[in-house]
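Peer 1: This structure is in structure tokens; I'll ask about it shortly.
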Amino acid sequence: MAARAYWQGQIRLALVSIPVELYSATQSGAKISFRQIHEPSGKRIAYDKVVAGVGPVDRDEIVKGYELSKGNYVLLEDEEIEAVKVESKRTLELVQFVEAHEIDALYYEKPYYVVPKDELAEEAFIVLRDALRQAGKVGLGQLSVRGAEKLVAVKPCGKGLLLETLRYADEVRKGQSFFGEIGEDKPDEDLLDLATSLIDKKTAPFDAGEFEDRYAQALRKLIDTKAKAKDGKRIVEDAEEPAATGGNVIDLMAALKKSVAAEKGTGKPAKGAAKSTARKKKSA
């Protein structure tokens, strides 16, 4: 089935407007979700709207509220919220250009593929794509969708463009509030050299296909097994646990040397080593 466009409109650069379509670059179909079921009857559990001390309430008695303080709310009607929604303009104007490295990874939210709407739009689309690539820049603008205004970045992506929604400044926590108590001591040079050597040996081009979601695979296997079983008996398998270290204090130098030696002993290229070890950390 053909993908459905998330947004249709035009990208504007000064006086040039380019009709485009946006398509989600990610999919959630691979994720496993659960429903709460009443075991005796096998039916799905419904959720009633209730108020403490009052009981069930009618849906038309429910309004939205913003909590100013504990138990103190500002009540808003749907009409009031609708009145302040941003008009869904069909134009994304690129108002600023920055170096890609200037945007911290914390700000990136969700990617979308951008394609020209038709053949007539292709020439201007290609000019914009190649100009961004030649300049090494990312275009910034704000996109109005469903009443909300999103900050976005646009950059070349193969034959097309990639648009990524960005978080606003007040949506990102500053790391210093968490890292403030970490000491400023410099690491031992020998330890640093060993750690760097280990990183070099495990360095390889990024390929998401090298990693697997072992938890999702195990869940699917469990679901398939339960679906085929007629008695519905409980199925539990012990998970593999890492070997105990015997305490929190370890000889870091010895551990690093052993790790480097193990990498040399495998005789495998860095990519193979990265694949076998990285999977251990890649779970949902």
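Chain lettering (A, B, ...) mirrors the order of the structure tokens, residue numbering begins at 1 for each chain separately, and ligand numbering begins at 1 in order of display.
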What are the nearest atom pairs, with distances in Å to one decimal, for all residues of region 39-152 of chain A that come at most 9 Å from region 159-178 of chain A, using only C-alpha atoms, set out by chain and rising residue number as JSON lines?
Peer 2:
{"residue": "A:Leu106", "atom": "CA", "partner": "A:Val172", "partner_atom": "CA", "distance": 7.1}
{"residue": "A:Tyr107", "atom": "CA", "partner": "A:Arg167", "partner_atom": "CA", "distance": 4.9}
{"residue": "A:Tyr108", "atom": "CA", "partner": "A:Leu166", "partner_atom": "CA", "distance": 4.7}
{"residue": "A:Glu109", "atom": "CA", "partner": "A:Leu166", "partner_atom": "CA", "distance": 5.3}
{"residue": "A:Lys110", "atom": "CA", "partner": "A:Thr165", "partner_atom": "CA", "distance": 5.3}
{"residue": "A:Pro111", "atom": "CA", "partner": "A:Glu164", "partner_atom": "CA", "distance": 4.3}
{"residue": "A:Tyr112", "atom": "CA", "partner": "A:Leu163", "partner_atom": "CA", "distance": 5.1}
{"residue": "A:Tyr113", "atom": "CA", "partner": "A:Leu162", "partner_atom": "CA", "distance": 4.8}
{"residue": "A:Val114", "atom": "CA", "partner": "A:Leu161", "partner_atom": "CA", "distance": 5.0}
{"residue": "A:Val115", "atom": "CA", "partner": "A:Gly160", "partner_atom": "CA", "distance": 5.9}
{"residue": "A:Pro116", "atom": "CA", "partner": "A:Gly160", "partner_atom": "CA", "distance": 8.3}
{"residue": "A:Phe125", "atom": "CA", "partner": "A:Gly160", "partner_atom": "CA", "distance": 8.3}
{"residue": "A:Ile126", "atom": "CA", "partner": "A:Gly160", "partner_atom": "CA", "distance": 7.9}
{"residue": "A:Arg129", "atom": "CA", "partner": "A:Leu161", "partner_atom": "CA", "distance": 6.6}
{"residue": "A:Leu143", "atom": "CA", "partner": "A:Thr165", "partner_atom": "CA", "distance": 8.8}
{"residue": "A:Lys150", "atom": "CA", "partner": "A:Thr165", "partner_atom": "CA", "distance": 6.5}
{"residue": "A:Leu151", "atom": "CA", "partner": "A:Leu166", "partner_atom": "CA", "distance": 5.3}
{"residue": "A:Val152", "atom": "CA", "partner": "A:Thr165", "partner_atom": "CA", "distance": 4.4}
Peer 1: Save the residues we just selected, C-alpha atoms, as an mmCIF file, in the first residue's frame?
Peer 2:
data_model
loop_
_atom_site.group_PDB
_atom_site.id
_atom_site.type_symbol
_atom_site.label_atom_id
_atom_site.label_comp_id
_atom_site.auth_asym_id
_atom_site.auth_seq_id
_atom_site.Cartn_x
_atom_site.Cartn_y
_atom_site.Cartn_z
ATOM 1 C CA LEU A 106 19.388 16.473 21.815
ATOM 2 C CA TYR A 107 17.225 18.743 19.692
ATOM 3 C CA TYR A 108 16.427 16.234 16.936
ATOM 4 C CA GLU A 109 13.011 14.623 17.310
ATOM 5 C CA LYS A 110 11.540 12.865 14.240
ATOM 6 C CA PRO A 111 12.638 12.523 10.590
ATOM 7 C CA TYR A 112 10.560 12.884 7.425
ATOM 8 C CA TYR A 113 11.467 12.372 3.776
ATOM 9 C CA VAL A 114 10.785 15.358 1.515
ATOM 10 C CA VAL A 115 10.049 14.782 -2.176
ATOM 11 C CA PRO A 116 8.898 17.106 -4.993
ATOM 12 C CA PHE A 125 13.779 20.997 -5.707
ATOM 13 C CA ILE A 126 17.086 19.721 -7.152
ATOM 14 C CA ARG A 129 19.014 20.164 -2.544
ATOM 15 C CA LEU A 143 6.021 24.171 10.042
ATOM 16 C CA LYS A 150 7.085 22.800 14.811
ATOM 17 C CA LEU A 151 10.675 23.935 14.488
ATOM 18 C CA VAL A 152 12.283 21.968 11.642
#
Peer 1: Write out as a ChimeraX atom specification all residues of region 51-199 of chain A that DSSP puts in strand (DSSP E) for this structure's backbone.
Peer 2: /A:51,55-56,64-69,72-76,91-93,96-99,108-116,137-145,148-157,160-166
Peer 1: I want to know what sits within 12 Å of region 44-48 of chain A, based on only C-alpha atoms, with residues of the same chain fewer than 3 positions away left out; could you give that as a list in words?
Peer 2: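 That gives Phe34, Arg35, Gln36, Ile37, His38, Glu39, Pro40, Ser41, Val51, Gly55, Pro56, Val57, Asp58 and Arg59 of chain A.
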Peer 1: When you draw a straight line from CA of Asp213 (chain A) to CA of Gln27 (chain A), how long is it in Å?
Peer 2: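 Interatomic distance here is 14.8 Å.
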Peer 1: Just the residues within 6 Å of Glu93 (chain A), please, counting only C-alpha atoms, with nothing from its chain fewer than 3 positions along; format it as a list in words.
Peer 2: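 Non-adjacent residues within range: Ile11, Arg12 and Gly141 of chain A.
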Peer 1: Hey, can you check how far CA of Ala153 (chain A) sits from CA of His101 (chain A)?
Peer 2: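 That distance, rounded to one decimal, is 12.2 Å.
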Peer 1: Looking only at the backbone, which of the residues in region 41-281 of chain A does DSSP tag as alpha helix (DSSP H), as a VMD selection string?
Peer 2: chain A and resid 78 to 83 119 to 135 176 to 179 189 to 201 214 to 228 252 to 266 270 to 278
Peer 1: From the options A:Ala135, A:Lys49, A:Leu140, A:Phe97, which residue's atoms come nearest to Glu61 (chain A), counting only C-alpha atoms?
Peer 2: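 Of A:Ala135, A:Lys49, A:Leu140, A:Phe97, the one nearest Glu61 (chain A) is A:Lys49, counting only C-alpha atoms.
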Peer 1: So, with only C-alpha atoms as the atoms that count, which of A:Ala195, A:Val20, A:Arg146, A:Trp7 lies closest to Asp118 (chain A)?
Peer 2: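 Using only C-alpha atoms, the shortest distance to Asp118 (chain A) belongs to A:Val20.
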